[in-house]
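Here is the file input06.cif (mmCIF, C-alpha atoms).
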data_protein
#
loop_
_atom_site.label_atom_id
_atom_site.label_comp_id
_atom_site.auth_asym_id
_atom_site.auth_seq_id
_atom_site.Cartn_x
_atom_site.Cartn_y
_atom_site.Cartn_z
CA MET I 4 -30.63 24.07 2.21
CA LYS I 5 -34.38 23.97 2.32
CA LYS I 6 -35.90 21.08 0.45
CA THR I 7 -38.43 21.95 -2.24
CA LYS I 8 -41.65 20.05 -2.16
CA GLU I 9 -41.85 17.41 -4.87
CA SER I 10 -44.59 17.72 -7.46
CA PRO I 11 -47.42 15.22 -6.99
CA ALA I 12 -47.06 11.98 -8.97
CA THR I 13 -50.67 12.05 -10.16
CA PRO I 14 -51.74 14.72 -12.65
CA SER I 15 -54.13 17.46 -11.62
CA PRO I 16 -57.83 16.95 -12.42
CA ARG I 17 -57.80 19.66 -15.09
CA TYR I 18 -54.64 18.26 -16.76
CA ARG I 19 -56.21 14.83 -16.74
CA ALA I 20 -59.55 16.07 -18.09
CA GLU I 21 -57.84 17.84 -20.98
CA ARG I 22 -56.07 14.62 -21.93
CA SER I 23 -58.83 12.17 -21.10
CA ASP I 24 -58.39 10.23 -24.37
CA ARG I 25 -54.75 9.58 -23.66
CA TYR I 26 -55.50 8.39 -20.11
CA LEU I 27 -58.22 6.06 -21.37
CA ARG I 28 -55.89 4.55 -23.98
CA LYS I 29 -53.14 4.27 -21.37
CA GLU I 30 -55.47 2.24 -19.14
CA LEU I 31 -56.38 -0.03 -22.04
CA ILE I 32 -52.69 -0.58 -22.83
CA ALA I 33 -52.04 -1.36 -19.15
CA GLN I 34 -54.87 -3.92 -19.16
CA ILE I 35 -53.50 -5.57 -22.30
CA GLU I 36 -50.03 -5.70 -20.75
CA GLU I 37 -51.46 -7.31 -17.64
CA GLU I 38 -53.24 -9.99 -19.70
CA LEU I 39 -50.12 -10.57 -21.78
CA GLY I 40 -47.48 -10.38 -19.06
CA GLY I 41 -45.28 -8.30 -21.35
CA GLY I 42 -44.94 -4.89 -22.97
CA CYS I 43 -47.34 -3.40 -25.51
CA VAL I 44 -46.73 -0.65 -28.06
CA VAL I 45 -49.17 0.70 -30.63
CA THR I 46 -47.96 1.88 -34.04
CA TYR I 47 -50.86 3.39 -35.92
CA PHE I 48 -50.39 4.83 -39.40
CA GLY I 49 -53.36 6.75 -40.78
CA ASN I 50 -54.32 6.49 -44.45
CA GLY I 51 -51.62 8.78 -45.79
CA GLY I 52 -48.96 7.66 -43.32
CA PHE I 53 -46.26 5.26 -44.43
CA ILE I 54 -43.51 3.65 -42.36
CA ASP I 55 -40.60 6.00 -42.87
CA SER I 56 -37.13 6.78 -41.49
CA PRO I 57 -38.30 9.11 -38.63
CA ASP I 58 -40.20 6.14 -37.21
CA VAL I 59 -37.02 4.35 -36.13
CA GLY I 60 -36.46 6.91 -33.34
CA CYS I 61 -40.13 6.74 -32.29
CA PHE I 62 -39.94 2.98 -32.04
CA VAL I 63 -36.74 3.09 -29.99
CA GLU I 64 -38.27 5.60 -27.56
CA SER I 65 -41.47 3.59 -27.27
CA LEU I 66 -39.46 0.65 -25.98
CA ALA I 67 -37.12 2.68 -23.76
CA TRP I 68 -39.14 2.07 -20.56
CA PHE I 69 -39.93 -1.58 -21.05
CA ASP I 70 -37.11 -3.10 -19.02
CA ARG I 71 -39.29 -4.39 -16.23
CA ARG I 72 -42.12 -5.73 -18.35
CA GLY I 73 -41.04 -9.24 -19.15
CA LYS I 74 -39.53 -10.71 -22.24
CA GLU I 75 -42.55 -10.42 -24.50
CA LEU I 76 -43.48 -7.52 -26.76
CA LEU I 77 -46.85 -7.00 -28.41
CA ILE I 78 -46.97 -4.55 -31.31
CA ILE I 79 -50.50 -3.48 -32.22
CA LEU I 80 -50.04 -2.53 -35.85
CA GLU I 81 -52.08 -0.56 -38.37
CA THR I 82 -50.30 0.52 -41.54
CA PRO I 83 -50.77 0.74 -45.31
CA GLY I 84 -47.04 -0.12 -45.69
CA GLY I 85 -43.79 1.77 -46.14
CA ASP I 86 -40.03 1.39 -46.22
CA PRO I 87 -38.88 -2.21 -45.65
CA GLN I 88 -35.49 -1.00 -44.43
CA VAL I 89 -37.20 0.73 -41.48
CA VAL I 90 -38.99 -2.52 -40.69
CA ARG I 91 -35.61 -4.22 -40.76
CA ASN I 92 -34.37 -1.75 -38.17
CA TRP I 93 -37.45 -2.27 -35.94
CA VAL I 94 -37.03 -6.02 -36.09
CA GLU I 95 -33.38 -5.80 -35.03
CA ILE I 96 -34.25 -3.53 -32.11
CA ALA I 97 -37.20 -5.62 -30.96
CA ARG I 98 -35.42 -8.94 -31.39
CA GLU I 99 -32.39 -7.72 -29.44
CA ARG I 100 -34.48 -6.78 -26.42
CA PHE I 101 -37.33 -9.26 -26.38
CA LYS I 102 -37.38 -13.03 -26.51
CA ARG I 103 -40.82 -13.17 -28.03
CA LEU I 104 -42.51 -10.82 -30.48
CA ILE I 105 -46.23 -10.79 -31.22
CA VAL I 106 -47.89 -8.57 -33.81
CA ALA I 107 -51.63 -7.92 -33.45
CA VAL I 108 -53.44 -6.69 -36.56
CA PRO I 109 -56.94 -5.40 -35.79
CA GLY I 110 -57.16 -3.65 -39.20
CA ARG I 111 -54.57 -3.41 -41.96
CA ALA I 112 -50.95 -4.51 -41.98
CA LYS I 113 -50.24 -4.20 -45.69
CA SER I 114 -46.94 -4.49 -47.54
CA ALA I 115 -44.14 -3.59 -45.09
CA GLY I 116 -46.63 -4.28 -42.27
CA THR I 117 -47.00 -7.87 -43.50
CA LEU I 118 -43.21 -8.07 -43.71
CA LEU I 119 -43.02 -7.13 -40.02
CA CYS I 120 -45.48 -9.93 -39.22
CA LEU I 121 -43.04 -12.43 -40.76
CA ALA I 122 -40.52 -11.57 -38.04
CA ALA I 123 -43.04 -12.20 -35.25
CA ASP I 124 -43.31 -15.44 -33.31
CA GLU I 125 -47.06 -15.18 -33.60
CA VAL I 126 -49.57 -12.97 -35.38
CA TRP I 127 -52.92 -12.14 -33.81
CA ALA I 128 -55.80 -11.42 -36.13
CA GLY I 129 -59.56 -11.12 -35.95
CA PRO I 130 -62.55 -10.21 -38.09
CA GLY I 131 -61.48 -7.37 -40.37
CA SER I 132 -57.75 -8.10 -40.30
CA GLU I 133 -56.06 -7.56 -43.64
CA PHE I 134 -52.61 -8.37 -45.00
CA GLY I 135 -51.07 -7.71 -48.41
CA PRO I 136 -48.30 -8.65 -50.86
CA ILE I 137 -44.77 -7.48 -49.99
CA ASP I 138 -43.38 -6.78 -53.46
CA PRO I 139 -41.50 -3.45 -53.26
CA GLN I 140 -42.86 -0.30 -54.90
CA VAL I 141 -40.01 1.38 -56.73
CA PRO I 142 -39.88 5.05 -57.78
CA VAL I 143 -39.53 5.14 -61.58
CA PRO I 144 -39.04 8.32 -63.65
CA PHE I 145 -41.76 8.65 -66.25
CA GLN I 146 -42.45 11.67 -68.49
CA GLY I 147 -40.71 14.09 -66.13
CA GLN I 148 -42.43 12.74 -63.03
CA VAL I 149 -41.65 10.01 -60.55
CA VAL I 150 -44.27 7.27 -60.26
CA ARG I 151 -44.16 4.32 -57.90
CA VAL I 152 -44.57 0.98 -59.59
CA SER I 153 -44.55 -2.58 -58.35
CA ALA I 154 -41.11 -4.12 -58.90
CA ILE I 155 -42.66 -7.39 -60.01
CA GLN I 156 -45.01 -5.74 -62.52
CA PHE I 157 -42.24 -3.49 -63.84
CA LEU I 158 -40.08 -6.55 -64.50
CA GLN I 159 -43.00 -8.41 -66.05
CA GLU I 160 -43.80 -5.57 -68.42
CA LEU I 161 -40.17 -5.31 -69.38
CA GLY I 162 -40.08 -9.01 -70.21
CA VAL I 163 -37.50 -9.84 -67.53
CA LEU I 164 -40.00 -11.97 -65.63
CA GLU I 165 -42.62 -14.22 -67.12
CA PRO I 166 -45.74 -12.06 -67.50
CA HIS I 167 -49.13 -12.81 -66.12
CA PRO I 168 -51.09 -14.69 -68.82
CA ASP I 169 -53.53 -11.79 -69.20
CA LEU I 170 -50.65 -9.40 -69.88
CA LYS I 171 -49.17 -11.35 -72.80
CA GLN I 172 -51.50 -9.61 -75.24
CA ILE I 173 -50.53 -6.20 -73.93
CA GLN I 174 -46.86 -7.06 -74.31
CA ALA I 175 -47.31 -7.50 -78.03
CA ASN I 176 -48.53 -3.94 -78.33
CA ARG I 177 -45.90 -1.92 -80.25
CA ASP I 178 -46.67 1.33 -78.49
CA LEU I 179 -46.08 -0.25 -75.17
CA VAL I 180 -42.77 -1.72 -76.30
CA ALA I 181 -41.66 1.76 -77.36
CA LEU I 182 -42.84 3.16 -74.05
CA ARG I 183 -40.94 0.51 -72.13
CA GLN I 184 -37.73 1.36 -73.95
CA ASN I 185 -38.20 5.01 -73.08
CA TYR I 186 -38.60 4.56 -69.39
CA THR I 187 -35.64 2.38 -68.62
CA PRO I 188 -32.66 4.64 -67.90
CA PRO I 189 -29.31 2.91 -67.15
CA GLY I 190 -29.22 1.11 -63.83
CA LEU I 191 -32.96 1.20 -63.25
CA VAL I 192 -33.62 -2.45 -64.08
CA SER I 193 -30.83 -3.56 -61.76
CA LYS I 194 -32.16 -1.31 -59.02
CA VAL I 195 -35.66 -2.75 -59.35
CA MET I 196 -34.31 -6.32 -59.39
CA LEU I 197 -32.20 -5.74 -56.31
CA SER I 198 -35.10 -4.12 -54.43
CA LEU I 199 -37.17 -7.20 -55.13
CA ARG I 200 -34.31 -9.44 -54.16
CA ALA I 201 -33.69 -7.57 -50.88
CA THR I 202 -37.34 -7.83 -49.82
CA TYR I 203 -37.43 -11.47 -50.81
CA ASP I 204 -34.26 -12.17 -48.80
CA MET I 205 -35.73 -10.43 -45.75
CA ALA I 206 -38.93 -12.46 -45.99
CA ILE I 207 -37.08 -15.79 -46.21
CA ASP I 208 -34.71 -14.81 -43.41
CA TYR I 209 -37.47 -13.71 -41.03
CA LEU I 210 -39.64 -16.71 -41.74
CA TYR I 211 -36.85 -19.23 -41.29
CA ARG I 212 -35.19 -17.55 -38.33
CA TYR I 213 -38.21 -16.31 -36.36
CA HIS I 214 -41.73 -17.05 -37.48
CA LEU I 215 -41.35 -20.72 -38.39
CA ARG I 216 -38.50 -21.56 -36.04
CA GLU I 217 -40.50 -24.21 -34.20
CA VAL I 218 -41.32 -26.11 -37.40
CA GLN I 219 -39.42 -29.38 -37.53
CA PRO I 220 -37.64 -30.83 -39.43
CA ALA I 221 -35.73 -27.84 -40.75
CA ILE I 222 -36.20 -28.87 -44.39
CA LYS I 223 -39.95 -28.51 -43.89
CA ARG I 224 -39.33 -25.07 -42.37
CA ALA I 225 -37.16 -24.07 -45.35
CA ALA I 226 -39.83 -25.25 -47.84
CA GLN I 227 -42.55 -23.32 -46.00
CA ALA I 228 -40.36 -20.19 -45.89
CA PHE I 229 -39.75 -20.34 -49.67
CA GLU I 230 -43.39 -21.06 -50.39
CA LEU I 231 -44.67 -18.17 -48.26
CA ALA I 232 -42.08 -15.74 -49.62
CA ASN I 233 -42.92 -16.75 -53.20
CA PHE I 234 -46.60 -16.18 -52.50
CA LEU I 235 -46.17 -12.83 -50.74
CA THR I 236 -43.71 -11.34 -53.21
CA MET I 237 -45.91 -12.62 -56.06
CA ILE I 238 -42.95 -14.49 -57.54
CA GLU I 239 -45.12 -17.58 -57.55
CA PRO I 240 -46.33 -17.60 -61.17
CA PRO I 241 -50.11 -17.21 -61.44
CA GLN I 242 -51.52 -20.43 -62.83
CA ARG I 243 -55.26 -20.31 -62.47
CA ALA I 244 -57.88 -18.06 -60.99
CA SER I 245 -58.24 -18.71 -57.30
CA ARG I 246 -59.77 -17.01 -54.34
CA ASP I 247 -56.43 -16.72 -52.59
CA ARG I 248 -54.32 -15.76 -55.60
CA VAL I 249 -52.81 -12.27 -55.50
CA TYR I 250 -52.14 -10.22 -58.61
CA LEU I 251 -51.63 -6.67 -57.39
CA HIS I 252 -49.83 -4.91 -54.58
CA SER I 253 -53.14 -3.64 -53.24
CA ASP I 254 -54.76 -7.09 -53.15
CA TYR I 255 -56.28 -8.38 -49.95
CA ILE I 256 -54.73 -11.37 -48.23
CA SER I 257 -56.84 -12.93 -45.51
CA PRO I 258 -55.44 -14.33 -42.25
CA LYS I 259 -56.81 -17.69 -43.35
CA ALA I 260 -54.82 -17.64 -46.61
CA LEU I 261 -51.61 -17.02 -44.66
CA SER I 262 -52.47 -19.65 -42.09
CA GLN I 263 -53.08 -22.24 -44.79
CA ARG I 264 -49.58 -21.55 -46.09
CA GLY I 265 -48.10 -22.27 -42.68
CA MET I 266 -48.08 -18.93 -40.85
CA LYS I 267 -48.80 -18.98 -37.13
CA ILE I 268 -51.91 -16.87 -36.88
CA LYS I 269 -54.05 -16.85 -33.77
CA TYR I 270 -57.54 -15.89 -34.76
CA TYR I 271 -59.70 -14.12 -32.18
CA ARG I 272 -63.43 -13.90 -32.27
CA PHE I 273 -64.78 -10.40 -31.96
CA ARG I 274 -66.13 -10.86 -28.44
CA GLU I 275 -63.12 -12.51 -26.85
CA GLU I 276 -61.85 -10.50 -23.90
CA LEU I 277 -58.30 -9.78 -25.06
CA TRP I 278 -59.41 -8.97 -28.61
CA LYS I 279 -62.13 -6.69 -27.26
CA LEU I 280 -59.43 -4.67 -25.45
CA ILE I 281 -57.25 -4.52 -28.55
CA TYR I 282 -60.14 -3.55 -30.79
CA GLN I 283 -61.37 -0.96 -28.29
CA LEU I 284 -57.93 0.63 -28.40
CA TYR I 285 -57.90 0.49 -32.20
CA ALA I 286 -61.32 2.16 -32.33
CA HIS I 287 -59.96 5.01 -30.19
CA TYR I 288 -57.26 5.77 -32.79
CA GLN I 289 -59.74 5.58 -35.63
CA VAL I 290 -62.02 8.07 -33.91
CA ALA I 291 -59.13 10.29 -32.79
CA LEU I 292 -57.79 10.45 -36.34
CA GLY I 293 -61.22 10.90 -37.89
CA GLU I 294 -60.54 14.53 -38.70
CA SER I 295 -56.84 14.20 -39.54
CA PRO I 296 -56.18 10.75 -41.00
CA ASN I 297 -52.75 11.75 -42.33
CA CYS I 298 -51.08 11.17 -39.02
CA VAL I 299 -48.77 8.64 -37.41
CA ILE I 300 -49.07 7.61 -33.74
CA PHE I 301 -46.70 5.69 -31.50
CA GLU I 302 -48.10 4.99 -28.08
CA SER I 303 -47.15 2.93 -25.07
CA ARG I 304 -48.00 3.24 -21.39
CA ASP I 305 -45.20 5.77 -20.92
CA LEU I 306 -45.06 7.63 -24.18
CA LEU I 307 -47.21 9.20 -26.85
CA TYR I 308 -45.62 10.41 -30.04
CA THR I 309 -47.41 11.70 -33.11
CA ARG I 310 -46.13 13.05 -36.40
CA PRO I 311 -47.85 14.31 -39.52
CA ALA I 312 -47.71 11.82 -42.38
CA MET N 27 -58.10 -16.85 -25.88
CA GLY N 28 -58.09 -17.06 -29.64
CA LYS N 29 -57.74 -20.27 -31.54
CA ALA N 30 -55.17 -21.14 -34.12
CA ILE N 31 -56.58 -20.87 -37.61
CA GLY N 32 -55.28 -24.36 -38.15
CA GLU N 33 -58.51 -25.44 -36.51
CA TRP N 34 -60.45 -24.08 -39.45
CA THR N 35 -58.87 -26.67 -41.59
CA GLY N 36 -58.83 -29.19 -38.76
CA GLN N 37 -60.52 -31.90 -40.74
CA MET N 38 -57.78 -31.71 -43.32
CA THR N 39 -54.76 -31.33 -41.05
CA ASN N 40 -55.69 -33.35 -37.98
CA ARG N 41 -57.07 -36.50 -39.54
CA GLU N 42 -55.38 -39.80 -38.95
CA PRO N 43 -52.75 -40.63 -41.55
CA THR N 44 -54.16 -43.30 -43.81
CA LYS N 45 -50.86 -44.64 -45.14
CA PRO N 46 -47.41 -45.11 -43.59
CA ILE N 47 -44.77 -42.40 -43.97
CA GLU N 48 -42.80 -42.72 -47.17
CA TYR N 49 -39.10 -41.99 -46.63
CA ALA N 50 -36.80 -40.44 -49.19
CA THR N 51 -34.09 -42.61 -50.71
CA LEU N 52 -30.57 -41.73 -51.77
CA GLU N 53 -31.20 -43.38 -55.13
CA GLU N 54 -33.86 -40.81 -55.90
CA PHE N 55 -32.36 -37.66 -54.39
CA GLY N 56 -28.64 -38.38 -53.98
CA ALA N 57 -27.56 -36.68 -57.21
CA LYS N 58 -29.47 -33.49 -56.46
CA LEU N 59 -28.41 -33.15 -52.84
CA PRO N 60 -25.11 -31.26 -53.34
CA GLN N 61 -26.94 -28.53 -55.26
CA ILE N 62 -29.75 -28.24 -52.73
CA ILE N 63 -27.27 -28.17 -49.86
CA SER N 64 -25.17 -25.44 -51.45
CA TYR N 65 -28.31 -23.44 -52.16
CA LEU N 66 -29.59 -23.69 -48.58
CA ARG N 67 -26.11 -22.92 -47.26
CA ALA N 68 -26.15 -19.69 -49.28
CA TRP N 69 -29.36 -18.76 -47.43
CA GLY N 70 -27.72 -19.50 -44.06
CA MET N 71 -30.15 -22.34 -43.29
CA ARG N 72 -27.72 -24.33 -41.17
CA GLU N 73 -30.14 -26.77 -39.57
CA ALA N 74 -31.63 -27.72 -42.92
CA VAL N 75 -28.11 -28.19 -44.34
CA LYS N 76 -27.24 -30.39 -41.36
CA GLU N 77 -30.33 -32.54 -41.85
CA LEU N 78 -29.59 -33.03 -45.54
CA SER N 79 -25.93 -33.81 -44.86
CA GLU N 80 -26.91 -36.43 -42.28
CA PHE N 81 -29.40 -37.88 -44.75
CA ARG N 82 -26.66 -38.13 -47.36
CA GLU N 83 -24.42 -39.96 -44.90
CA GLY N 84 -27.24 -42.37 -44.06
CA LYS N 85 -27.54 -41.16 -40.45
CA ARG N 86 -31.02 -39.71 -40.80
CA GLN N 87 -34.32 -40.39 -42.50
CA LEU N 88 -36.33 -37.68 -44.23
CA GLU N 89 -39.87 -37.77 -45.50
CA ARG N 90 -40.04 -38.02 -49.28
CA GLY N 91 -42.93 -35.58 -49.56
CA GLN N 92 -41.09 -32.92 -47.56
CA LEU N 93 -37.96 -33.24 -49.66
CA LYS N 94 -39.97 -33.07 -52.88
CA LYS N 95 -41.76 -29.96 -51.65
CA LEU N 96 -38.48 -28.32 -50.72
CA MET N 97 -37.13 -29.00 -54.20
CA SER N 98 -40.17 -27.60 -55.95
CA THR N 99 -40.16 -24.38 -53.88
CA ILE N 100 -36.44 -23.97 -54.52
CA GLN N 101 -37.01 -24.41 -58.24
CA GLN N 102 -39.65 -21.72 -58.19
CA THR N 103 -37.23 -19.37 -56.45
CA GLN N 104 -34.48 -20.20 -58.89
CA ARG N 105 -36.77 -19.62 -61.83
CA LEU N 106 -36.83 -15.97 -60.87
CA ALA N 107 -33.06 -15.91 -60.55
CA GLN N 108 -32.65 -17.56 -63.92
CA MET N 109 -34.98 -15.12 -65.65
CA MET N 110 -33.14 -12.19 -64.15
CA GLY N 111 -29.78 -13.75 -65.00
CA SER N 112 -30.70 -14.41 -68.61
CA TYR N 113 -31.96 -10.85 -69.04
CA HIS N 114 -28.55 -9.55 -68.02
CA GLU N 115 -26.76 -12.04 -70.22
CA GLU N 116 -28.76 -10.78 -73.20
CA LYS N 117 -28.01 -7.18 -72.32
CA GLU N 118 -24.34 -7.93 -71.91
CA ALA N 119 -24.13 -9.81 -75.18
CA SER N 120 -25.45 -6.78 -77.01
CA SER N 121 -23.31 -4.28 -75.12
CA PRO N 122 -19.97 -2.92 -76.42
CA HIS N 123 -18.80 -2.55 -72.78
CA ARG N 124 -19.37 -6.17 -71.99
CA ARG N 125 -16.25 -6.94 -69.96
CA ARG N 126 -16.40 -3.82 -67.82
CA ARG N 127 -20.05 -4.41 -66.95
CA ARG N 128 -19.52 -8.01 -66.04
CA ARG N 129 -16.71 -7.07 -63.67
CA SER N 130 -18.71 -4.37 -61.94
CA GLY N 131 -21.91 -6.37 -61.59
CA GLY N 132 -20.98 -8.21 -58.42
CA GLU N 133 -24.55 -8.46 -57.13
CA LEU N 134 -25.90 -9.52 -60.47
CA MET N 135 -23.43 -12.36 -60.67
CA LEU N 136 -25.40 -13.91 -57.84
CA PHE N 137 -28.46 -14.13 -60.05
CA GLU N 138 -26.42 -15.65 -62.83
CA GLU N 139 -24.90 -18.25 -60.55
CA LEU N 140 -28.30 -19.18 -59.17
CA GLY N 141 -29.62 -19.38 -62.70
CA GLU N 142 -26.93 -21.89 -63.59
CA LEU N 143 -27.74 -23.92 -60.52
CA GLU N 144 -31.35 -24.16 -61.56
CA LEU N 145 -30.39 -25.27 -65.02
CA GLY N 146 -28.47 -28.09 -63.38
CA ILE N 147 -31.49 -29.33 -61.46
CA ARG N 148 -33.76 -29.01 -64.48
CA ALA N 149 -31.38 -30.85 -66.74
CA GLU N 150 -31.40 -33.76 -64.33
CA GLU N 151 -35.16 -33.82 -64.26
CA ASP N 152 -35.25 -33.89 -68.03
CA GLU N 153 -32.98 -36.91 -68.00
CA GLU N 154 -35.36 -38.66 -65.65
CA ASP N 155 -38.30 -37.94 -67.92
#

Structure encoded using structure tokens:
Amino acid sequence: MKKTKESPATPSPRYRAERSDRYLRKELIAQIEEELGGGCVVTYFGNGGFIDSPDVGCFVESLAWFDRRGKELLIILETPGGDPQVVRNWVEIARERFKRLIVAVPGRAKSAGTLLCLAADEVWAGPGSEFGPIDPQVPVPFQGQVVRVSAIQFLQELGVLEPHPDLKQIQANRDLVALRQNYTPPGLVSKVMLSLRATYDMAIDYLYRYHLREVQPAIKRAAQAFELANFLTMIEPPQRASRDRVYLHSDYISPKALSQRGMKIKYYRFREELWKLIYQLYAHYQVALGESPNCVIFESRDLLYTRPA
Amino acid sequence: MGKAIGEWTGQMTNREPTKPIEYATLEEFGAKLPQIISYLRAWGMREAVKELSEFREGKRQLERGQLKKLMSTIQQTQRLAQMMGSYHEEKEASSPHRRRRRRSGGELMLFEELGELELGIRAEEDEED
């Protein structure tokens, strides 16, 4: 039988020209991998994109070709947050295959993104990096619609948790009490409590098992894990106004604030070589998504996957 | 390569210790240890449990400050559990289906148990005061 000629390994000039952005990003990822000595995957969630169940498959596929790239995985992460259970799945997959996990945050890793950082051995940050509280946002039925509210604030308003001092006055308002009674169908309070509890458990577990595992003695590690989880879930009762205090789910948490509470954050200056590569890559996604920010991108050297948010 | 942010606070964290390490004593912490150990065991923190057990048996020294900090963070955590637990106790007390709800609330029992544990630690602190 006559052998057919194999297709060339390199793409044709026209094919390459049409996908020049992808080839440029691929080269940047390859350079980062070379510097790191491990694998690199980018997970970029545009403004309207939240970590959701379809992203488990994308994450698995992104890692499918990484066998020969060492024991270290770098996730370059940009996300406004999402489903913590998906993060849980990612962490299990990544931890099973890689000895060491690093999360680089050139922009935002809010909410579930911050939760993912707690499972990393190290977090890389730079100027402009932003983290956020990890209290879950629970869908609550209200006047025929479903609104997402912070579990901690819902429980504070209901009087289950001690309210923020500024909210005590509002609690005395009779209208609000009546409103509260109207929007608590059976089982809802338990559901909200358990969501908070589940996220809190994950945070403690990740911190103790992964992020702080080198902290000795173990009682110091346990104390740091509790302290960080209390701070990030906003369970820590607000005592006085402070620059680092967080009150709302959307609040900004700086890399420095996390570092001062014991997190292992490596801070890069803007012009450092490795950070320049990471930020260059990040800028590519920002520009690429300029016209369609509601998009999710998973990219590694071997794979590019996008989905609408 | 980037630097650890710890360097930002280098003057605070890296300065020479000015006084010798103060070790925890069994007289001060002995009574509270079983509760702390059972709490950490529930979280699956085996190494920390081992350290505390060895401390209780006199085979290991622990820094007083670290043990105090651990206790205060645990108390903060348990405060949440207690508040949640007491909310459910109030609801149950006012409910005609009290028994049935208590039996079915397996997960919520955890909060109640933790709430009781916290009360134990607090009561001891009150005695000390």

Which protein, DNA or RNA residues are at most 10 Å from (-49.3, 0.1, -44.3) in the file's coordinates when you count all atoms listed in the file, listed as a PyMOL selection string? chain I and resi 47-54+80-86+111-117+134-135

For range 95-127 of chain I versus range 185-205 of chain I, which residues have an atom no more than 10 Å away, and what is each residue's nearest atom pair and distance in Å rounded to one decimal, using only C-alpha atoms, chain-then-number order, as JSON lines?
{"residue": "I:Ala115", "atom": "CA", "partner": "I:Thr202", "partner_atom": "CA", "distance": 9.3}
{"residue": "I:Leu118", "atom": "CA", "partner": "I:Met205", "partner_atom": "CA", "distance": 8.1}
{"residue": "I:Leu119", "atom": "CA", "partner": "I:Met205", "partner_atom": "CA", "distance": 9.8}
{"residue": "I:Leu121", "atom": "CA", "partner": "I:Met205", "partner_atom": "CA", "distance": 9.1}
{"residue": "I:Ala122", "atom": "CA", "partner": "I:Met205", "partner_atom": "CA", "distance": 9.1}

Kindly export the residues of the current selection with C-alpha atoms, as an mmCIF file, keeping the file's coordinate frame.
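This went into part.cif:
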data_model
loop_
_atom_site.group_PDB
_atom_site.id
_atom_site.type_symbol
_atom_site.label_atom_id
_atom_site.label_comp_id
_atom_site.auth_asym_id
_atom_site.auth_seq_id
_atom_site.Cartn_x
_atom_site.Cartn_y
_atom_site.Cartn_z
ATOM 1 C CA ALA I 115 -44.140 -3.590 -45.090
ATOM 2 C CA LEU I 118 -43.210 -8.070 -43.710
ATOM 3 C CA LEU I 119 -43.020 -7.130 -40.020
ATOM 4 C CA LEU I 121 -43.040 -12.430 -40.760
ATOM 5 C CA ALA I 122 -40.520 -11.570 -38.040
#

Would you write out, as an MDAnalysis selection string, every residue that the PyMOL selection byres ((chain I) within 9 of (chain N)) captures in this file? chainID I and resid 127:129 158 162:165 193 196:197 204 207:208 211:212 220:227 229:230 233 238:240 258:259 262:263 265 267:272 275:278

Calculated over all atoms listed in the file, which of the candidates I:Ala260, I:Glu36, I:Val94, I:Tyr255 has the smallest distance to Gly110 in chain I?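 Between I:Ala260, I:Glu36, I:Val94, I:Tyr255, the residue approaching Gly110 in chain I most closely is I:Tyr255.
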
Show me, as JSON, the centre and edge lengths in Å to one decimal of the axis-aligned box that covers every listed atom of range 233-238 of chain I with 4 Å on each side.
{"center_x": -44.8, "center_y": -14.0, "center_z": -54.1, "size_x": 11.7, "size_y": 13.4, "size_z": 14.8}

Selection result of the PyMOL selection byres ((chain I and resi 66) around 10) on this file, as a list in words: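 With the PyMOL selection byres ((chain I and resi 66) around 10) on this model, the match is Gly42, Cys43, Val44, Cys61, Phe62, Val63, Glu64, Ser65, Ala67, Trp68, Phe69, Asp70, Leu76, Ile96, Ala97, Arg100, Glu302, Ser303, Asp305 and Leu306 of chain I.
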
One-decimal distance in Å that lies between CA of Val126 in chain I and CA of Met266 in chain I: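 About the pair CA of Met266 in chain I and CA of Val126 in chain I: they are 8.2 Å apart.
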